[in-house]
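**Q** Just dropping this structure here.
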Amino acid sequence: MAKSKVGQTVESLGDYLKEQRVASRLSLRQLAVQAGVSNPYLSQIERGLRKPSAEVLQQIARALRISAEQLYVRAGIVSPDDGVGGSVEVAVLSDTGLTERQKQSLLDVYSSFIAMNGAEAALAEDSDSHDLQDSAPSGSDGDEDAGIDQHLDQHGSTLPTTSAPQP
C-alpha cells in the first residue's frame, strides 16, 4: 500500500529528527526529557507514526538547538515554496501565548485571505481584459464593482467598499 503525502512528510520529519538527535549525541530518552514530551511519543514521531503539533515541534527544535522553521517545513506546516506568508505562519506557530486551536484558526483565516486576494486579482485581470476588448463606452453603472463588493460581503471582508466613478 502506498503512503499518502502526509505519511511521507511525517516519515521524512521523523528521519530528520532522528538524524539531528544522533548528530547532537542525545538518546531518545534524553531528547524527550529536554523537549518535555514522553519517550514513546517521541519514538512514534521518529518512526513516522505520529504528526506532532507546531508547539511540540518548537519544543523539540529548542532541545536540539535547531530552527523551528526547519521542522515546520519538514512537517508540511509551512511550505518553502510559498514565497509570501511564510514569516506570518512561522510567527503564529511560534507564539506561545496562543493555543493550538487558536493558531490553526489564525492560519485558516490567513490562508483564506491569501486565496481571496488571488481570486480578486484574477477577477480584476479578467475585468481589465474585457475593458480592453470593449472600446465603446459601457453603460454598466459599476456592475462589475458591485459583484466584487458582493463577493467581499459574502466572505465576511471588513475591507471598505468603493463604487466605480459615475460618468
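Residue numbers start at 1 in each chain; chains themselves are named A, B, ... in the order of the C-alpha cells; ligands are numbered from 1 in the order shown.
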Tell me, as a list in words, which residues lie within 12 Å of Arg21 (chain A), counting only C-alpha atoms; anything in the same chain fewer than 3 positions away does not count.
**A**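 Near neighbours after the sequence-gap exclusion: Gly14, Asp15, Tyr16, Leu17, Lys18, Ser24, Arg25, Leu26, Ser27, Leu28, Arg29, Gln30, Leu31, Ala32, Gln34, Ala35, Leu42, Ser43, Glu46, Ile60, Ala61, Arg62, Ala63, Leu64, Arg65 and Ile66 of chain A.
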**Q** Would you save the residues from that selection as a compact mmCIF listing (two decimals), in the first residue's frame, using N, CA, C and O atoms?
**A**
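As written to disk, out_4.txt reads:
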```txt
# COMPACT_ATOMS: atom_id res chain seq x y z
N GLY A 14 10.40 12.46 10.74
CA GLY A 14 10.96 11.53 11.72
C GLY A 14 12.41 11.18 11.43
O GLY A 14 13.24 11.15 12.34
N ASP A 15 12.70 10.92 10.16
CA ASP A 15 14.08 10.62 9.77
C ASP A 15 14.99 11.81 10.08
O ASP A 15 16.11 11.65 10.58
N TYR A 16 14.50 13.00 9.77
CA TYR A 16 15.28 14.21 10.01
C TYR A 16 15.52 14.41 11.51
O TYR A 16 16.64 14.73 11.92
N LEU A 17 14.47 14.21 12.31
CA LEU A 17 14.63 14.36 13.76
C LEU A 17 15.63 13.37 14.32
O LEU A 17 16.47 13.72 15.15
N LYS A 18 15.54 12.13 13.88
CA LYS A 18 16.47 11.12 14.36
C LYS A 18 17.91 11.49 13.97
O LYS A 18 18.83 11.38 14.79
N SER A 24 23.41 15.31 17.55
CA SER A 24 23.55 16.03 18.83
C SER A 24 24.00 15.11 19.96
O SER A 24 24.13 15.55 21.11
N ARG A 25 24.17 13.83 19.64
CA ARG A 25 24.60 12.82 20.61
C ARG A 25 23.65 12.73 21.81
O ARG A 25 24.07 12.71 22.97
N LEU A 26 22.36 12.71 21.47
CA LEU A 26 21.34 12.57 22.50
C LEU A 26 20.60 11.25 22.30
O LEU A 26 20.33 10.86 21.16
N SER A 27 20.31 10.59 23.40
CA SER A 27 19.47 9.40 23.30
C SER A 27 18.02 9.86 23.13
O SER A 27 17.69 11.02 23.37
N LEU A 28 17.19 8.95 22.73
CA LEU A 28 15.77 9.25 22.58
C LEU A 28 15.20 9.74 23.90
O LEU A 28 14.47 10.73 23.96
N ARG A 29 15.57 9.08 24.97
CA ARG A 29 15.10 9.44 26.30
C ARG A 29 15.58 10.84 26.70
O ARG A 29 14.82 11.64 27.25
N GLN A 30 16.84 11.16 26.43
CA GLN A 30 17.38 12.48 26.79
C GLN A 30 16.65 13.59 26.03
O GLN A 30 16.30 14.62 26.61
N LEU A 31 16.42 13.38 24.72
CA LEU A 31 15.73 14.39 23.94
C LEU A 31 14.29 14.55 24.43
O LEU A 31 13.79 15.67 24.53
N ALA A 32 13.65 13.46 24.75
CA ALA A 32 12.27 13.52 25.24
C ALA A 32 12.20 14.35 26.52
O ALA A 32 11.30 15.20 26.66
N GLN A 34 14.38 16.70 27.54
CA GLN A 34 14.70 18.09 27.23
C GLN A 34 13.56 18.80 26.49
O GLN A 34 13.35 20.00 26.67
N ALA A 35 12.84 18.06 25.65
CA ALA A 35 11.75 18.65 24.87
C ALA A 35 10.44 18.67 25.65
O ALA A 35 9.48 19.32 25.25
N LEU A 42 7.82 10.58 21.36
CA LEU A 42 8.95 10.99 20.52
C LEU A 42 9.38 9.84 19.60
O LEU A 42 9.67 10.05 18.42
N SER A 43 9.36 8.65 20.11
CA SER A 43 9.70 7.47 19.30
C SER A 43 8.72 7.32 18.14
O SER A 43 9.11 7.03 17.00
N GLU A 46 9.52 9.89 15.46
CA GLU A 46 10.70 9.50 14.69
C GLU A 46 10.39 8.37 13.71
O GLU A 46 10.97 8.30 12.64
N ILE A 60 10.89 20.53 20.52
CA ILE A 60 11.94 19.63 20.03
C ILE A 60 13.06 20.44 19.39
O ILE A 60 14.25 20.17 19.63
N ALA A 61 12.69 21.45 18.60
CA ALA A 61 13.70 22.30 17.96
C ALA A 61 14.57 23.00 19.00
O ALA A 61 15.80 23.08 18.85
N ARG A 62 13.93 23.49 20.04
CA ARG A 62 14.67 24.16 21.11
C ARG A 62 15.65 23.18 21.76
O ARG A 62 16.80 23.52 22.02
N ALA A 63 15.21 21.96 22.02
CA ALA A 63 16.06 20.96 22.66
C ALA A 63 17.23 20.55 21.76
O ALA A 63 18.33 20.30 22.23
N LEU A 64 16.97 20.50 20.44
CA LEU A 64 18.02 20.13 19.50
C LEU A 64 18.88 21.32 19.07
O LEU A 64 19.86 21.16 18.35
N ARG A 65 18.45 22.51 19.48
CA ARG A 65 19.13 23.75 19.09
C ARG A 65 19.16 23.93 17.57
O ARG A 65 20.20 24.23 16.98
N ILE A 66 17.99 23.71 16.97
CA ILE A 66 17.84 23.92 15.53
C ILE A 66 16.64 24.84 15.32
O ILE A 66 15.87 25.10 16.24
```
**Q** Going by DSSP on the backbone, which residues of region 1-69 of chain A come out as alpha helix (DSSP H)? List them as a short mmCIF file (atom, residue, chain, number, x, y, z; two decimals) with N, CA, C and O atoms, in the first residue's frame.
**A**
```cif
data_model
loop_
_atom_site.label_atom_id
_atom_site.label_comp_id
_atom_site.auth_asym_id
_atom_site.auth_seq_id
_atom_site.Cartn_x
_atom_site.Cartn_y
_atom_site.Cartn_z
N LYS A 5 0.81 11.48 1.04
CA LYS A 5 1.78 12.57 1.13
C LYS A 5 2.03 12.95 2.58
O LYS A 5 3.14 13.22 2.98
N VAL A 6 0.96 12.95 3.39
CA VAL A 6 1.12 13.28 4.81
C VAL A 6 2.03 12.25 5.47
O VAL A 6 2.94 12.59 6.22
N GLY A 7 1.81 10.98 5.19
CA GLY A 7 2.66 9.93 5.75
C GLY A 7 4.10 10.08 5.35
O GLY A 7 5.00 9.90 6.16
N GLN A 8 4.32 10.45 4.10
CA GLN A 8 5.69 10.65 3.62
C GLN A 8 6.33 11.85 4.31
O GLN A 8 7.49 11.81 4.67
N THR A 9 5.55 12.91 4.50
CA THR A 9 6.07 14.10 5.17
C THR A 9 6.44 13.78 6.61
O THR A 9 7.50 14.14 7.08
N VAL A 10 5.56 13.07 7.30
CA VAL A 10 5.83 12.72 8.69
C VAL A 10 7.04 11.81 8.77
O VAL A 10 7.90 11.98 9.62
N GLU A 11 7.13 10.83 7.86
CA GLU A 11 8.28 9.94 7.87
C GLU A 11 9.56 10.73 7.62
O GLU A 11 10.57 10.52 8.28
N SER A 12 9.52 11.65 6.68
CA SER A 12 10.67 12.50 6.40
C SER A 12 11.04 13.31 7.64
O SER A 12 12.21 13.47 7.95
N LEU A 13 10.04 13.83 8.33
CA LEU A 13 10.27 14.58 9.56
C LEU A 13 10.93 13.67 10.59
O LEU A 13 11.90 14.06 11.23
N GLY A 14 10.40 12.46 10.74
CA GLY A 14 10.96 11.53 11.72
C GLY A 14 12.41 11.18 11.43
O GLY A 14 13.24 11.15 12.34
N ASP A 15 12.70 10.92 10.16
CA ASP A 15 14.08 10.62 9.77
C ASP A 15 14.99 11.81 10.08
O ASP A 15 16.11 11.65 10.58
N TYR A 16 14.50 13.00 9.77
CA TYR A 16 15.28 14.21 10.01
C TYR A 16 15.52 14.41 11.51
O TYR A 16 16.64 14.73 11.92
N LEU A 17 14.47 14.21 12.31
CA LEU A 17 14.63 14.36 13.76
C LEU A 17 15.63 13.37 14.32
O LEU A 17 16.47 13.72 15.15
N LYS A 18 15.54 12.13 13.88
CA LYS A 18 16.47 11.12 14.36
C LYS A 18 17.91 11.49 13.97
O LYS A 18 18.83 11.38 14.79
N GLU A 19 18.06 11.95 12.74
CA GLU A 19 19.39 12.37 12.26
C GLU A 19 19.94 13.50 13.14
O GLU A 19 21.11 13.48 13.54
N GLN A 20 19.10 14.48 13.45
CA GLN A 20 19.52 15.61 14.28
C GLN A 20 19.82 15.17 15.71
O GLN A 20 20.77 15.64 16.33
N ARG A 21 19.00 14.26 16.22
CA ARG A 21 19.21 13.75 17.58
C ARG A 21 20.54 13.01 17.68
O ARG A 21 21.32 13.23 18.62
N VAL A 22 20.81 12.15 16.70
CA VAL A 22 22.07 11.39 16.69
C VAL A 22 23.25 12.34 16.55
O VAL A 22 24.27 12.18 17.24
N ALA A 23 23.12 13.34 15.67
CA ALA A 23 24.19 14.32 15.48
C ALA A 23 24.45 15.11 16.76
O ALA A 23 25.59 15.50 17.04
N LEU A 28 17.19 8.95 22.73
CA LEU A 28 15.77 9.25 22.58
C LEU A 28 15.20 9.74 23.90
O LEU A 28 14.47 10.73 23.96
N ARG A 29 15.57 9.08 24.97
CA ARG A 29 15.10 9.44 26.30
C ARG A 29 15.58 10.84 26.70
O ARG A 29 14.82 11.64 27.25
N GLN A 30 16.84 11.16 26.43
CA GLN A 30 17.38 12.48 26.79
C GLN A 30 16.65 13.59 26.03
O GLN A 30 16.30 14.62 26.61
N LEU A 31 16.42 13.38 24.72
CA LEU A 31 15.73 14.39 23.94
C LEU A 31 14.29 14.55 24.43
O LEU A 31 13.79 15.67 24.53
N ALA A 32 13.65 13.46 24.75
CA ALA A 32 12.27 13.52 25.24
C ALA A 32 12.20 14.35 26.52
O ALA A 32 11.30 15.20 26.66
N VAL A 33 13.13 14.15 27.43
CA VAL A 33 13.15 14.91 28.68
C VAL A 33 13.38 16.39 28.39
O VAL A 33 12.68 17.26 28.91
N GLN A 34 14.38 16.70 27.54
CA GLN A 34 14.70 18.09 27.23
C GLN A 34 13.56 18.80 26.49
O GLN A 34 13.35 20.00 26.67
N ALA A 35 12.84 18.06 25.65
CA ALA A 35 11.75 18.65 24.87
C ALA A 35 10.44 18.67 25.65
O ALA A 35 9.48 19.32 25.25
N ASN A 39 8.78 9.75 26.09
CA ASN A 39 9.68 8.92 25.30
C ASN A 39 8.93 8.15 24.20
O ASN A 39 9.35 8.17 23.05
N PRO A 40 7.81 7.48 24.52
CA PRO A 40 7.09 6.75 23.47
C PRO A 40 6.55 7.67 22.37
O PRO A 40 6.56 7.32 21.19
N TYR A 41 6.08 8.86 22.76
CA TYR A 41 5.55 9.80 21.77
C TYR A 41 6.66 10.24 20.81
O TYR A 41 6.46 10.26 19.59
N LEU A 42 7.82 10.58 21.36
CA LEU A 42 8.95 10.99 20.52
C LEU A 42 9.38 9.84 19.60
O LEU A 42 9.67 10.05 18.42
N SER A 43 9.36 8.65 20.11
CA SER A 43 9.70 7.47 19.30
C SER A 43 8.72 7.32 18.14
O SER A 43 9.11 7.03 17.00
N GLN A 44 7.43 7.53 18.41
CA GLN A 44 6.42 7.44 17.35
C GLN A 44 6.60 8.52 16.30
O GLN A 44 6.40 8.28 15.11
N ILE A 45 7.00 9.69 16.71
CA ILE A 45 7.28 10.78 15.76
C ILE A 45 8.45 10.39 14.87
O ILE A 45 8.38 10.53 13.64
N GLU A 46 9.52 9.89 15.46
CA GLU A 46 10.70 9.50 14.69
C GLU A 46 10.39 8.37 13.71
O GLU A 46 10.97 8.30 12.64
N ALA A 54 2.59 22.00 16.17
CA ALA A 54 3.62 23.03 16.00
C ALA A 54 4.31 23.33 17.33
O ALA A 54 5.52 23.57 17.37
N GLU A 55 3.54 23.28 18.41
CA GLU A 55 4.12 23.55 19.73
C GLU A 55 5.15 22.49 20.11
O GLU A 55 6.23 22.80 20.62
N VAL A 56 4.82 21.22 19.87
CA VAL A 56 5.76 20.13 20.17
C VAL A 56 7.00 20.26 19.29
O VAL A 56 8.13 20.07 19.76
N LEU A 57 6.80 20.60 18.02
CA LEU A 57 7.95 20.79 17.12
C LEU A 57 8.86 21.91 17.64
O LEU A 57 10.08 21.81 17.57
N GLN A 58 8.24 22.96 18.15
CA GLN A 58 9.03 24.06 18.70
C GLN A 58 9.85 23.61 19.91
O GLN A 58 11.02 23.97 20.04
N GLN A 59 9.25 22.80 20.77
CA GLN A 59 9.96 22.28 21.94
C GLN A 59 11.13 21.37 21.51
O GLN A 59 12.22 21.44 22.09
N ILE A 60 10.89 20.53 20.52
CA ILE A 60 11.94 19.63 20.03
C ILE A 60 13.06 20.44 19.39
O ILE A 60 14.25 20.17 19.63
N ALA A 61 12.69 21.45 18.60
CA ALA A 61 13.70 22.30 17.96
C ALA A 61 14.57 23.00 19.00
O ALA A 61 15.80 23.08 18.85
N ARG A 62 13.93 23.49 20.04
CA ARG A 62 14.67 24.16 21.11
C ARG A 62 15.65 23.18 21.76
O ARG A 62 16.80 23.52 22.02
N ALA A 63 15.21 21.96 22.02
CA ALA A 63 16.06 20.96 22.66
C ALA A 63 17.23 20.55 21.76
O ALA A 63 18.33 20.30 22.23
N LEU A 64 16.97 20.50 20.44
CA LEU A 64 18.02 20.13 19.50
C LEU A 64 18.88 21.32 19.07
O LEU A 64 19.86 21.16 18.35
N ALA A 68 13.09 26.09 14.46
CA ALA A 68 11.74 25.52 14.46
C ALA A 68 11.15 25.58 13.05
O ALA A 68 10.40 24.70 12.64
N GLU A 69 11.52 26.61 12.29
CA GLU A 69 11.01 26.75 10.92
C GLU A 69 11.40 25.55 10.07
O GLU A 69 10.62 25.07 9.26
#
```
**Q** Any idea what the distance is between CA of Arg74 (chain A) and CA of Phe113 (chain A)?
**A**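 Here the two named atoms are 24.3 Å from each other.
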**Q** Which of these residues is nearest to Gly48 (chain A), using only C-alpha atoms: A:Ala75, A:Ala115, A:Glu125, A:Gly36?
**A** A:Ala75
**Q** Need to verify the contact set: Glu100 (chain A), 9 Å, only C-alpha atoms, exclusion of same-chain residues closer than 3 positions in sequence. Can you return it as a PyMOL selection string?
**A** chain A and resi 53-55+93+103-105
**Q** Based on the selection just made, write C-alpha atoms of those residues as an mmCIF file, in the first residue's frame.
**A**
```cif
data_model
loop_
_atom_site.group_PDB
_atom_site.id
_atom_site.type_symbol
_atom_site.label_atom_id
_atom_site.label_comp_id
_atom_site.auth_asym_id
_atom_site.auth_seq_id
_atom_site.Cartn_x
_atom_site.Cartn_y
_atom_site.Cartn_z
ATOM 1 C CA SER A 53 1.745 19.818 16.757
ATOM 2 C CA ALA A 54 3.617 23.027 15.996
ATOM 3 C CA GLU A 55 4.120 23.554 19.727
ATOM 4 C CA LEU A 93 3.080 28.899 15.073
ATOM 5 C CA LYS A 103 -3.043 29.000 15.940
ATOM 6 C CA GLN A 104 -4.884 26.779 13.467
ATOM 7 C CA SER A 105 -7.790 29.231 13.312
#
```
**Q** Find, counting only C-alpha atoms, the residue in A:Thr96, A:Tyr72, A:Ser38, A:Glu89 that gets nearest to Asp108 (chain A).
**A** A:Glu89
